[in-house]
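Printed here is query.csv (CSV, C-alpha atoms):
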chain,number,residue,atom,x,y,z
K,1,MET,CA,20.1,-43.8,-21.1
K,2,ARG,CA,22.8,-42.7,-23.5
K,3,VAL,CA,25.9,-44.6,-22.6
K,4,LEU,CA,29.4,-43.8,-23.9
K,5,VAL,CA,31.9,-46.6,-23.7
K,6,ILE,CA,35.5,-45.7,-24.2
K,7,GLY,CA,37.5,-48.7,-25.5
K,8,GLY,CA,36.5,-51.5,-27.9
K,9,GLY,CA,38.3,-54.4,-26.3
K,10,ILE,CA,36.7,-57.4,-24.6
K,11,GLY,CA,35.3,-55.3,-21.8
K,12,GLY,CA,34.0,-52.5,-23.9
K,13,LEU,CA,32.2,-54.8,-26.4
K,14,ALA,CA,30.8,-57.0,-23.6
K,15,VAL,CA,29.4,-54.1,-21.6
K,16,ALA,CA,27.9,-52.6,-24.8
K,17,LYS,CA,26.2,-55.9,-25.4
K,18,GLY,CA,24.8,-56.0,-21.9
K,19,LEU,CA,23.6,-52.4,-21.9
K,20,LEU,CA,22.0,-52.6,-25.3
K,21,GLY,CA,20.1,-55.7,-23.9
K,22,ARG,CA,18.8,-53.4,-21.1
K,23,GLY,CA,17.4,-51.0,-23.6
K,24,HIS,CA,20.0,-48.3,-23.4
K,25,HIS,CA,21.5,-46.3,-26.4
K,26,VAL,CA,25.2,-47.3,-26.5
K,27,ARG,CA,28.1,-46.1,-28.5
K,28,VAL,CA,31.6,-47.6,-28.2
K,29,TYR,CA,34.6,-45.3,-29.1
K,30,GLU,CA,37.8,-47.1,-30.1
K,31,HIS,CA,41.1,-45.4,-30.8
K,32,ALA,CA,42.2,-48.0,-33.4
K,33,ASP,CA,41.0,-48.0,-36.9
K,34,ALA,CA,39.6,-51.5,-36.7
K,35,LEU,CA,39.0,-54.3,-34.1
K,36,ARG,CA,42.2,-55.0,-32.2
K,37,GLU,CA,42.6,-58.7,-32.8
K,38,GLY,CA,46.1,-59.2,-31.5
K,39,GLY,CA,47.1,-61.3,-28.5
K,40,ALA,CA,47.3,-65.0,-28.0
K,41,GLY,CA,44.7,-67.1,-26.2
K,42,VAL,CA,42.2,-66.3,-23.5
K,43,THR,CA,41.2,-68.8,-20.8
K,44,ILE,CA,37.5,-68.2,-20.1
K,45,TRP,CA,36.8,-69.9,-16.7
K,46,SER,CA,33.3,-70.8,-15.4
K,47,ASN,CA,32.7,-67.3,-14.2
K,48,GLY,CA,33.6,-65.8,-17.5
K,49,THR,CA,31.5,-68.2,-19.5
K,50,ALA,CA,28.6,-67.7,-17.1
K,51,ALA,CA,28.9,-63.9,-17.6
K,52,LEU,CA,29.0,-64.2,-21.4
K,53,ARG,CA,26.0,-66.6,-21.3
K,54,ASP,CA,23.9,-64.1,-19.3
K,55,LEU,CA,25.0,-61.3,-21.6
K,56,GLY,CA,23.7,-63.3,-24.5
K,57,VAL,CA,27.0,-64.2,-26.1
K,58,SER,CA,27.6,-67.8,-27.1
K,59,LEU,CA,31.1,-69.4,-27.5
K,60,GLU,CA,29.7,-72.2,-29.6
K,61,GLY,CA,32.0,-72.9,-32.5
K,62,ILE,CA,35.1,-71.1,-31.2
K,63,GLY,CA,37.9,-72.3,-29.0
K,64,ARG,CA,38.2,-75.5,-27.0
K,65,ARG,CA,36.3,-76.7,-24.0
K,66,LEU,CA,38.8,-77.9,-21.4
K,67,HIS,CA,38.3,-81.1,-19.3
K,68,SER,CA,41.3,-81.0,-16.9
K,69,LEU,CA,44.0,-78.8,-15.4
K,70,ARG,CA,47.3,-80.5,-14.7
K,71,SER,CA,50.2,-79.0,-12.8
K,72,LEU,CA,53.8,-80.3,-12.8
K,73,THR,CA,57.1,-79.2,-11.2
K,74,GLY,CA,60.0,-78.1,-13.4
K,75,ASN,CA,61.5,-81.6,-13.0
K,76,GLY,CA,58.3,-83.3,-14.2
K,77,ARG,CA,56.8,-84.4,-10.8
K,78,LEU,CA,53.0,-84.3,-10.8
K,79,LEU,CA,51.7,-81.8,-8.2
K,80,TRP,CA,47.9,-82.0,-8.8
K,81,GLU,CA,45.2,-82.3,-11.3
K,82,ALA,CA,41.7,-80.7,-11.3
K,83,ASP,CA,38.7,-82.2,-13.0
K,84,LEU,CA,37.2,-79.3,-15.0
K,85,ASP,CA,34.2,-81.3,-16.0
K,86,GLU,CA,33.3,-81.6,-12.3
K,87,VAL,CA,34.0,-77.8,-11.9
K,88,THR,CA,31.6,-77.2,-14.8
K,89,GLU,CA,28.9,-79.4,-13.2
K,90,ARG,CA,29.2,-77.6,-9.8
K,91,LEU,CA,29.3,-74.1,-11.2
K,92,GLY,CA,27.0,-74.5,-14.2
K,93,ALA,CA,29.4,-73.2,-16.8
K,94,PRO,CA,32.4,-74.6,-18.6
K,95,THR,CA,36.0,-73.5,-19.0
K,96,VAL,CA,36.9,-72.6,-22.6
K,97,GLU,CA,40.2,-71.6,-24.2
K,98,THR,CA,39.8,-69.4,-27.3
K,99,PRO,CA,42.0,-67.2,-29.4
K,100,ARG,CA,41.5,-63.6,-28.3
K,101,ARG,CA,40.8,-62.6,-31.9
K,102,ALA,CA,37.9,-65.1,-32.0
K,103,LEU,CA,36.4,-63.8,-28.8
K,104,ILE,CA,36.7,-60.2,-29.9
K,105,THR,CA,35.1,-61.0,-33.3
K,106,ARG,CA,32.3,-62.9,-31.6
K,107,LEU,CA,31.5,-60.0,-29.2
K,108,ALA,CA,31.6,-57.5,-32.0
K,109,ASP,CA,29.3,-59.6,-34.2
K,110,THR,CA,26.6,-59.5,-31.5
K,111,LEU,CA,26.4,-55.7,-31.7
K,112,PRO,CA,24.2,-53.7,-34.2
K,113,ALA,CA,26.0,-52.1,-37.1
K,114,GLY,CA,27.4,-48.7,-36.1
K,115,THR,CA,27.7,-49.4,-32.4
K,116,VAL,CA,31.5,-49.2,-32.5
K,117,ARG,CA,33.1,-45.9,-33.8
K,118,PHE,CA,36.7,-46.5,-34.8
K,119,GLY,CA,39.5,-44.0,-35.0
K,120,ARG,CA,38.2,-42.0,-32.0
K,121,ARG,CA,40.9,-41.5,-29.4
K,122,CYS,CA,39.5,-40.1,-26.1
K,123,VAL,CA,41.6,-37.2,-24.7
K,124,ASP,CA,39.4,-35.8,-22.0
K,125,VAL,CA,36.3,-36.5,-20.0
K,126,ARG,CA,34.0,-33.7,-18.6
K,127,GLU,CA,31.2,-34.3,-16.1
K,128,TYR,CA,28.2,-31.9,-15.6
K,129,PRO,CA,25.1,-32.2,-13.5
K,130,ASP,CA,23.0,-33.2,-16.5
K,131,ARG,CA,25.5,-35.0,-18.8
K,132,VAL,CA,29.0,-36.3,-19.4
K,133,VAL,CA,31.1,-35.4,-22.4
K,134,ALA,CA,34.0,-37.3,-24.0
K,135,ASP,CA,36.4,-35.2,-26.1
K,136,PHE,CA,38.4,-36.9,-28.9
K,137,ALA,CA,41.7,-36.2,-30.6
K,138,ASP,CA,40.1,-35.3,-33.9
K,139,GLY,CA,38.3,-32.4,-32.2
K,140,SER,CA,34.9,-34.1,-32.0
K,141,SER,CA,33.0,-34.9,-28.8
K,142,ALA,CA,30.1,-37.0,-27.6
K,143,GLU,CA,27.5,-36.4,-24.9
K,144,GLY,CA,25.9,-39.1,-22.8
K,145,ASP,CA,24.2,-39.8,-19.5
K,146,VAL,CA,26.9,-42.3,-18.4
K,147,LEU,CA,30.4,-42.9,-19.5
K,148,VAL,CA,32.3,-46.2,-19.0
K,149,GLY,CA,36.0,-46.3,-19.2
K,150,ALA,CA,37.0,-49.6,-20.7
K,151,ASP,CA,40.2,-48.3,-22.2
K,152,GLY,CA,42.8,-50.6,-20.7
K,153,GLN,CA,45.8,-50.3,-18.4
K,154,ARG,CA,46.8,-46.9,-19.7
K,155,SER,CA,43.2,-45.6,-19.3
K,156,VAL,CA,42.7,-42.0,-20.2
K,157,VAL,CA,39.4,-42.1,-18.5
K,158,ARG,CA,40.9,-43.2,-15.2
K,159,ARG,CA,43.6,-40.5,-15.4
K,160,LYS,CA,41.0,-37.8,-16.1
K,161,VAL,CA,38.4,-38.9,-13.6
K,162,LEU,CA,40.5,-40.4,-10.7
K,163,GLY,CA,44.1,-39.2,-11.3
K,164,GLY,CA,46.6,-41.3,-9.3
K,165,GLU,CA,49.5,-43.5,-10.4
K,166,PRO,CA,49.4,-45.9,-13.3
K,167,ALA,CA,49.7,-49.6,-13.0
K,168,ARG,CA,53.1,-50.7,-11.7
K,169,LEU,CA,55.5,-53.4,-13.1
K,170,THR,CA,55.7,-56.5,-10.9
K,171,GLY,CA,59.1,-57.7,-11.9
K,172,TRP,CA,58.0,-60.5,-14.1
K,173,ALA,CA,57.0,-60.8,-17.8
K,174,SER,CA,55.5,-63.4,-20.2
K,175,TRP,CA,56.7,-64.4,-23.6
K,176,GLN,CA,53.8,-66.1,-25.3
K,177,GLY,CA,52.3,-67.2,-28.6
K,178,LEU,CA,49.5,-68.9,-30.3
K,179,THR,CA,50.6,-71.3,-33.0
K,180,TYR,CA,49.4,-74.3,-34.9
K,181,SER,CA,51.1,-77.5,-33.5
K,182,ASP,CA,51.3,-81.2,-34.2
K,183,LEU,CA,51.9,-81.9,-30.5
K,184,PRO,CA,49.2,-84.2,-29.0
K,185,LEU,CA,48.5,-81.6,-26.3
K,186,ALA,CA,47.3,-79.1,-29.0
K,187,HIS,CA,44.6,-81.5,-30.1
K,188,GLY,CA,43.5,-82.5,-26.6
K,189,TYR,CA,41.4,-81.0,-23.8
K,190,GLN,CA,43.9,-80.5,-21.0
K,191,THR,CA,45.7,-77.4,-19.6
K,192,LEU,CA,49.3,-78.1,-18.6
K,193,ASN,CA,51.0,-75.8,-16.1
K,194,ILE,CA,54.6,-76.3,-15.1
K,195,ALA,CA,56.2,-74.3,-12.2
K,196,GLY,CA,60.0,-74.2,-11.6
K,197,ARG,CA,62.2,-72.3,-9.2
K,198,ASP,CA,62.9,-69.4,-11.6
K,199,GLY,CA,60.2,-69.6,-14.1
K,200,HIS,CA,56.8,-70.9,-15.2
K,201,CYS,CA,55.2,-72.1,-18.4
K,202,GLY,CA,51.9,-73.2,-19.6
K,203,LEU,CA,50.3,-74.9,-22.7
K,204,ILE,CA,46.6,-74.9,-23.5
K,205,PRO,CA,44.8,-76.2,-26.6
K,206,ALA,CA,42.7,-73.4,-28.2
K,207,GLY,CA,40.9,-75.4,-30.9
K,208,ASN,CA,41.6,-76.3,-34.5
K,209,GLY,CA,45.1,-77.4,-33.7
K,210,LEU,CA,46.1,-74.1,-32.1
K,211,LEU,CA,48.2,-74.1,-29.0
K,212,HIS,CA,48.4,-71.2,-26.6
K,213,TRP,CA,51.8,-71.3,-24.8
K,214,TRP,CA,53.6,-68.9,-22.5
K,215,PHE,CA,56.9,-68.7,-20.5
K,216,ASP,CA,57.1,-66.4,-17.5
K,217,THR,CA,60.5,-65.2,-16.1
K,218,PRO,CA,61.8,-62.4,-13.9
K,219,TRP,CA,62.1,-59.1,-15.8
K,220,SER,CA,62.8,-55.5,-15.0
K,221,GLU,CA,62.3,-52.4,-17.2
K,222,GLY,CA,65.4,-51.8,-19.3
K,223,HIS,CA,66.3,-55.5,-19.6
K,224,PRO,CA,66.3,-56.9,-23.1
K,225,ASP,CA,63.5,-59.0,-24.5
K,226,LEU,CA,64.2,-62.7,-24.7
K,227,SER,CA,64.5,-64.7,-28.0
K,228,VAL,CA,63.4,-68.2,-28.6
K,229,ALA,CA,67.0,-69.3,-28.2
K,230,ASP,CA,67.1,-67.6,-24.8
K,231,LEU,CA,63.9,-69.5,-23.8
K,232,ARG,CA,65.4,-72.8,-25.0
K,233,ASN,CA,68.4,-72.2,-22.7
K,234,LEU,CA,66.3,-71.1,-19.7
K,235,PHE,CA,63.9,-74.0,-19.9
K,236,ASP,CA,66.4,-76.6,-20.9
K,237,GLY,CA,65.6,-79.9,-19.2
K,238,TRP,CA,62.0,-79.1,-18.4
K,239,PRO,CA,59.5,-81.9,-19.0
K,240,GLU,CA,58.1,-82.4,-22.4
K,241,PRO,CA,56.5,-81.1,-24.4
K,242,VAL,CA,58.4,-77.9,-23.5
K,243,GLY,CA,61.5,-78.8,-25.5
K,244,ALA,CA,59.4,-80.0,-28.5
K,245,LEU,CA,57.4,-76.8,-28.6
K,246,LEU,CA,60.4,-74.5,-28.4
K,247,SER,CA,62.0,-76.4,-31.2
K,248,THR,CA,59.2,-75.5,-33.5
K,249,VAL,CA,58.5,-71.8,-32.8
K,250,THR,CA,60.4,-68.7,-34.0
K,251,ASP,CA,61.0,-65.2,-32.7
K,252,ASN,CA,58.2,-64.1,-35.0
K,253,ASP,CA,55.8,-66.1,-32.9
K,254,LEU,CA,56.8,-64.4,-29.6
K,255,GLY,CA,54.7,-61.7,-27.9
K,256,PHE,CA,56.2,-59.9,-24.9
K,257,PHE,CA,53.9,-58.8,-22.0
K,258,PRO,CA,55.3,-57.3,-18.8
K,259,HIS,CA,53.3,-58.1,-15.7
K,260,ILE,CA,51.6,-55.1,-14.1
K,261,ARG,CA,49.2,-54.5,-11.3
K,262,HIS,CA,46.9,-51.7,-10.2
K,263,GLN,CA,45.9,-51.0,-6.6
K,264,VAL,CA,42.2,-51.3,-6.9
K,265,PRO,CA,40.6,-48.0,-5.7
K,266,ARG,CA,37.5,-47.8,-3.5
K,267,VAL,CA,35.7,-45.5,-5.9
K,268,TRP,CA,36.1,-46.0,-9.7
K,269,GLY,CA,34.5,-42.8,-11.1
K,270,GLY,CA,32.5,-39.6,-10.8
K,271,PRO,CA,28.8,-38.9,-10.6
K,272,ARG,CA,28.3,-40.1,-14.2
K,273,THR,CA,31.4,-42.2,-14.8
K,274,THR,CA,32.9,-45.6,-13.8
K,275,LEU,CA,35.6,-48.0,-15.0
K,276,LEU,CA,35.9,-51.7,-15.8
K,277,GLY,CA,38.5,-54.2,-16.7
K,278,ASP,CA,42.2,-53.3,-16.9
K,279,ALA,CA,41.4,-49.6,-16.6
K,280,VAL,CA,40.7,-50.2,-12.9
K,281,HIS,CA,42.2,-53.5,-11.9
K,282,ALA,CA,45.0,-54.6,-14.2
K,283,MET,CA,46.7,-57.7,-12.7
K,284,PRO,CA,49.4,-60.3,-13.5
K,285,PRO,CA,48.2,-63.2,-15.7
K,286,ALA,CA,49.2,-65.8,-13.1
K,287,VAL,CA,45.7,-67.0,-12.3
K,288,ALA,CA,44.3,-66.3,-15.8
K,289,GLN,CA,41.5,-64.1,-14.4
K,290,ALA,CA,42.0,-60.7,-16.0
K,291,ALA,CA,39.6,-61.2,-18.9
K,292,ASN,CA,37.1,-63.1,-16.6
K,293,GLN,CA,37.0,-60.3,-14.1
K,294,THR,CA,36.4,-57.9,-16.9
K,295,LEU,CA,33.5,-59.9,-18.1
K,296,GLU,CA,32.2,-60.0,-14.5
K,297,ASP,CA,32.4,-56.2,-14.5
K,298,ALA,CA,30.4,-56.0,-17.7
K,299,TRP,CA,27.8,-58.4,-16.5
K,300,LEU,CA,27.2,-56.7,-13.1
K,301,LEU,CA,27.3,-53.1,-14.5
K,302,SER,CA,24.7,-54.1,-17.1
K,303,SER,CA,22.6,-55.8,-14.6
K,304,LEU,CA,22.5,-52.8,-12.2
K,305,LEU,CA,22.0,-50.0,-14.8
K,306,THR,CA,18.3,-50.8,-15.2
K,307,ASP,CA,15.2,-48.5,-14.6
K,308,VAL,CA,17.5,-45.6,-13.7
K,309,GLU,CA,15.9,-42.2,-13.2
K,310,GLY,CA,17.9,-39.1,-12.7
K,311,ILE,CA,21.6,-39.1,-11.9
K,312,PRO,CA,22.9,-42.8,-12.0
K,313,THR,CA,25.5,-42.2,-9.3
K,314,SER,CA,24.1,-44.6,-6.7
K,315,ARG,CA,24.0,-47.5,-9.2
K,316,LEU,CA,27.5,-46.8,-10.3
K,317,ARG,CA,28.8,-46.8,-6.8
K,318,ARG,CA,26.8,-50.0,-6.0
K,319,TYR,CA,28.5,-51.7,-8.9
K,320,GLU,CA,31.9,-50.7,-7.6
K,321,ARG,CA,31.1,-51.8,-4.0
K,322,GLU,CA,29.9,-55.2,-5.2
K,323,ARG,CA,32.8,-55.8,-7.5
K,324,ARG,CA,35.7,-54.4,-5.5
K,325,PRO,CA,36.1,-57.0,-2.7
K,326,ARG,CA,36.1,-59.9,-5.2
K,327,VAL,CA,38.3,-58.4,-7.8
K,328,ALA,CA,40.8,-57.1,-5.2
K,329,LYS,CA,41.0,-60.6,-3.8
K,330,VAL,CA,41.7,-62.1,-7.2
K,331,SER,CA,44.3,-59.4,-7.9
K,332,ARG,CA,46.1,-60.2,-4.6
K,333,GLN,CA,46.1,-63.9,-5.4
K,334,ALA,CA,47.5,-63.2,-8.9
K,335,ALA,CA,50.2,-61.0,-7.5
K,336,LEU,CA,51.2,-63.6,-4.8
K,337,THR,CA,51.2,-66.4,-7.4
K,338,SER,CA,53.2,-64.3,-9.8
K,339,ALA,CA,55.8,-63.4,-7.2
K,340,GLN,CA,56.2,-67.0,-6.0
K,341,ARG,CA,55.5,-68.8,-9.3
K,342,ARG,CA,53.3,-71.3,-7.5
K,343,THR,CA,49.6,-71.6,-7.0
K,344,PRO,CA,48.3,-72.1,-3.4
K,345,LEU,CA,48.1,-75.8,-4.0
K,346,GLN,CA,51.6,-76.0,-5.4
K,347,ARG,CA,53.0,-74.2,-2.4
K,348,LEU,CA,51.3,-76.7,-0.1
K,349,GLY,CA,52.3,-79.9,-1.9
K,350,ARG,CA,50.6,-82.7,-3.8
K,351,PHE,CA,46.9,-83.1,-3.4
K,352,PRO,CA,44.4,-85.8,-4.7
K,353,LYS,CA,42.3,-84.8,-7.6
K,354,TRP,CA,39.1,-84.3,-5.6
K,355,VAL,CA,40.8,-81.8,-3.4
K,356,ALA,CA,42.3,-79.9,-6.3
K,357,THR,CA,38.9,-79.9,-8.1
K,358,ARG,CA,37.0,-78.6,-5.1
K,359,THR,CA,39.7,-76.0,-4.4
K,360,GLN,CA,39.2,-74.7,-8.0
K,361,VAL,CA,35.4,-74.5,-7.4
K,362,VAL,CA,35.9,-72.5,-4.1
K,363,SER,CA,38.4,-70.2,-5.7
K,364,LEU,CA,36.2,-69.4,-8.6
K,365,ARG,CA,33.2,-68.7,-6.5
K,366,SER,CA,35.0,-66.6,-4.0
K,367,GLY,CA,36.2,-64.2,-6.7
K,368,SER,CA,32.9,-64.0,-8.6
K,369,ASN,CA,29.7,-62.0,-8.5
K,370,VAL,CA,28.1,-63.8,-11.4
K,371,LEU,CA,28.4,-67.2,-9.8
K,372,THR,CA,26.6,-65.9,-6.7
K,373,PRO,CA,24.0,-63.5,-8.1
K,374,ALA,CA,21.6,-63.8,-5.1
K,375,ARG,CA,24.2,-61.9,-3.0
K,376,VAL,CA,23.6,-58.7,-5.0
K,377,GLY,CA,19.9,-59.2,-5.4
K,378,ILE,CA,20.0,-60.0,-9.1
K,379,ALA,CA,17.7,-62.7,-10.5
Show me the file's structure as structure tokens.
Amino acid sequence: MRVLVIGGGIGGLAVAKGLLGRGHHVRVYEHADALREGGAGVTIWSNGTAALRDLGVSLEGIGRRLHSLRSLTGNGRLLWEADLDEVTERLGAPTVETPRRALITRLADTLPAGTVRFGRRCVDVREYPDRVVADFADGSSAEGDVLVGADGQRSVVRRKVLGGEPARLTGWASWQGLTYSDLPLAHGYQTLNIAGRDGHCGLIPAGNGLLHWWFDTPWSEGHPDLSVADLRNLFDGWPEPVGALLSTVTDNDLGFFPHIRHQVPRVWGGPRTTLLGDAVHAMPPAVAQAANQTLEDAWLLSSLLTDVEGIPTSRLRRYERERRPRVAKVSRQAALTSAQRRTPLQRLGRFPKWVATRTQVVSLRSGSNVLTPARVGIA
């Protein structure tokens, strides 16, 4: 089939890789003039790394493989610690933290030259019985058999195909960065999450001395952005290395990201269209699954769009039916965690490592298609 992919982010590049591997003719249309390499770090959990593996994308040589996940209270009390090596053993795929730009570049490098067309901003989508057409701001258009909207939380494809309301603000925001650091944590293999009454922060090594860090606080539209000085005041007295980190970063290192959430619809497209990633299920970053759920979308859609004859509607709707219950569950968990600033384990109290580890395994499986492929009849 001729497949048009609108959006050249993680999801668009990943689904292009998967569909090309299935023998389809794929073009990715990206509104920017080059790869969008901004952003900080991305945590690729076992479901995300499994999806990338099956898509034929290796993370070898980028990022940092993580061995443990440690959670503290704002006053430094240990809540729980999960053994990510055991999670890897049980699920068959590791957890890796990588700079977003490294992941984007790696995905793009797996595609044939000319697959991605830059400077093509989609402004309309038109479906016909025998084709689908994407119109672009420069007056050009492209025809295909299927169109995939991977154009993010402000998706034009979603608006044109489904209508409805955009993603809503949740009342929280993240201030985050990715910086080189001399802190021991930046050169280790452990994720550190710290949850307080009025905020949350996390620190994860991303390889080569890079440290991905973030600070979450309540925020409403119209409120001013925070500075590093503001963060120092808000998180004063928190356990180290919070203070040490904030003493070394500047306002130029800060990225501001309001938390948003979509209500996940039951149907994601028309007879020849569908959506993936933030275009359909944008969610708060509280459980670090947004990119992973996007990769799951790309994996499943690629797996189901095989040997298609005639109108592909039934395959598109099957993809949506299989993905929706899992991604909706993850989205609800992310929203609940974001609102309360505690994971389920943190709300219940301290647990031994084996309980925390097995809970991590169960949570990842329950929100995943790629970790349970037999359930959708995929070898």
Measuring between all atoms listed in the file, which one of K:Gly92, K:Gly152, K:Pro352, K:Pro129 shows the shortest distance to Thr313 (chain K)?
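Result for the nearest residue to Thr313 (chain K): K:Pro129.
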Among listed residues K:Thr98, K:Ser314, K:Ser58, K:Thr274, nearest Val125 (chain K) (using all atoms listed in the file)
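Looking at the shortest contact to Val125 (chain K), the residue is K:Thr274.
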As a compact mmCIF listing (two decimals) with C-alpha atoms, in the frame of the given file, please: the residues near Thr73 (chain K) (cut-off 10 Å, all atoms listed in the file, same-chain neighbours under 5 positions excluded).
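Just written: part_8.txt:
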# COMPACT_ATOMS: atom_id res chain seq x y z
CA LEU K 78 53.00 -84.30 -10.80
CA LEU K 79 51.70 -81.80 -8.20
CA TRP K 80 47.90 -82.00 -8.80
CA ASN K 193 51.00 -75.80 -16.10
CA ILE K 194 54.60 -76.30 -15.10
CA ALA K 195 56.20 -74.30 -12.20
CA GLY K 196 60.00 -74.20 -11.60
CA ARG K 197 62.20 -72.30 -9.20
CA HIS K 200 56.80 -70.90 -15.20
CA TRP K 238 62.00 -79.10 -18.40
CA PRO K 239 59.50 -81.90 -19.00
CA ARG K 342 53.30 -71.30 -7.50
CA GLN K 346 51.60 -76.00 -5.40
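Of note, CA of Ala335 (chain K) and CA of Trp175 (chain K) are spaced 17.7 Å apart.
Summary of the local environment: counting only C-alpha atoms, residues at most 12 Å from Gly114 (chain K), other than itself and those fewer than 4 positions away along its chain, are Ala16, His25, Val26, Arg27, Val28, Tyr29, Ala108, Asp109, Thr110 and Phe118 of chain K.
In terms of minimum interatomic distance to Asp130 (chain K), K:Pro271 ranks closest within K:Pro271, K:Gly48, K:Pro94, K:Pro285, counting all atoms listed in the file.
Closest approach to Trp214 (chain K) among K:Ala229, K:Leu192, K:Leu55, K:Val133 is made by K:Leu192 (distances from only C-alpha atoms).
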Using only C-alpha atoms, which of the listed residues (K:Arg106, K:Arg159, K:Arg90, K:Arg272) sits closest to Val362 (chain K)?
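Going through K:Arg106, K:Arg159, K:Arg90, K:Arg272 one by one, the smallest distance to Val362 (chain K) is for K:Arg90.
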Nearest residue to Leu183 (chain K) from the set K:Arg117, K:His31, K:Arg168, K:His212 (distances using all atoms listed in the file)
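The shortest atom-to-atom distance to Leu183 (chain K) comes from K:His212.
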Quick one: contact table of region 38-144 of chain K to region 353-356 of chain K, 12 Å max, nearest atom pair and distance in Å to one decimal per residue, counting only C-alpha atoms, chain and number order, as a Markdown table?
| residue | atom | partner | partner_atom | distance |
| --- | --- | --- | --- | --- |
| K:Ser68 | CA | K:Lys353 | CA | 10.1 |
| K:Leu69 | CA | K:Ala356 | CA | 9.3 |
| K:Arg70 | CA | K:Lys353 | CA | 9.7 |
| K:Ser71 | CA | K:Ala356 | CA | 10.3 |
| K:Leu78 | CA | K:Lys353 | CA | 11.2 |
| K:Leu79 | CA | K:Ala356 | CA | 9.8 |
| K:Trp80 | CA | K:Lys353 | CA | 6.4 |
| K:Glu81 | CA | K:Lys353 | CA | 5.3 |
| K:Ala82 | CA | K:Ala356 | CA | 5.1 |
| K:Asp83 | CA | K:Lys353 | CA | 7.0 |
| K:Leu84 | CA | K:Ala356 | CA | 10.1 |
| K:Asp85 | CA | K:Trp354 | CA | 11.9 |
| K:Glu86 | CA | K:Trp354 | CA | 9.3 |
| K:Val87 | CA | K:Ala356 | CA | 10.2 |
Give me the residues within 12 Å of Asp236 (chain K) as an mmCIF file with C-alpha atoms, in the coordinates of the input, counting only C-alpha atoms and dropping any in the same chain fewer than 3 places off.
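Contents of out_19.cif, as written:
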data_model
loop_
_atom_site.group_PDB
_atom_site.id
_atom_site.type_symbol
_atom_site.label_atom_id
_atom_site.label_comp_id
_atom_site.auth_asym_id
_atom_site.auth_seq_id
_atom_site.Cartn_x
_atom_site.Cartn_y
_atom_site.Cartn_z
ATOM 1 C CA GLY K 74 60.000 -78.100 -13.400
ATOM 2 C CA ASN K 75 61.500 -81.600 -13.000
ATOM 3 C CA GLY K 196 60.000 -74.200 -11.600
ATOM 4 C CA GLY K 199 60.200 -69.600 -14.100
ATOM 5 C CA VAL K 228 63.400 -68.200 -28.600
ATOM 6 C CA ALA K 229 67.000 -69.300 -28.200
ATOM 7 C CA ASP K 230 67.100 -67.600 -24.800
ATOM 8 C CA LEU K 231 63.900 -69.500 -23.800
ATOM 9 C CA ARG K 232 65.400 -72.800 -25.000
ATOM 10 C CA ASN K 233 68.400 -72.200 -22.700
ATOM 11 C CA PRO K 239 59.500 -81.900 -19.000
ATOM 12 C CA GLU K 240 58.100 -82.400 -22.400
ATOM 13 C CA PRO K 241 56.500 -81.100 -24.400
ATOM 14 C CA VAL K 242 58.400 -77.900 -23.500
ATOM 15 C CA GLY K 243 61.500 -78.800 -25.500
ATOM 16 C CA ALA K 244 59.400 -80.000 -28.500
ATOM 17 C CA LEU K 245 57.400 -76.800 -28.600
ATOM 18 C CA LEU K 246 60.400 -74.500 -28.400
ATOM 19 C CA SER K 247 62.000 -76.400 -31.200
#
Applying 6 Å and only C-alpha atoms, which residues near Asp253 (chain K) remain after dropping the ones on its own chain fewer than 2 positions away? List them as a list in words.
Gly177, Thr250 and Asp251 of chain K
Contacts of His24 (chain K) within 12 Å, all atoms listed in the file, excl. fewer than 6 positions in-chain, as JSON, numbers by chain:
{"K": [1, 2, 3, 4, 15, 16, 17, 18, 115, 144, 145, 146, 302, 303, 305, 306, 307, 308]}
Distance in Å - CA of Gly119 (chain K) versus CA of Asp33 (chain K)
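Distance reported for this atom pair: 4.7 Å.
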Could you tell me how far CA of Leu300 (chain K) sits from CA of Arg323 (chain K), in Å to one decimal place?
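Value for the CA of Arg323 (chain K)-CA of Leu300 (chain K) distance: 8.0 Å.
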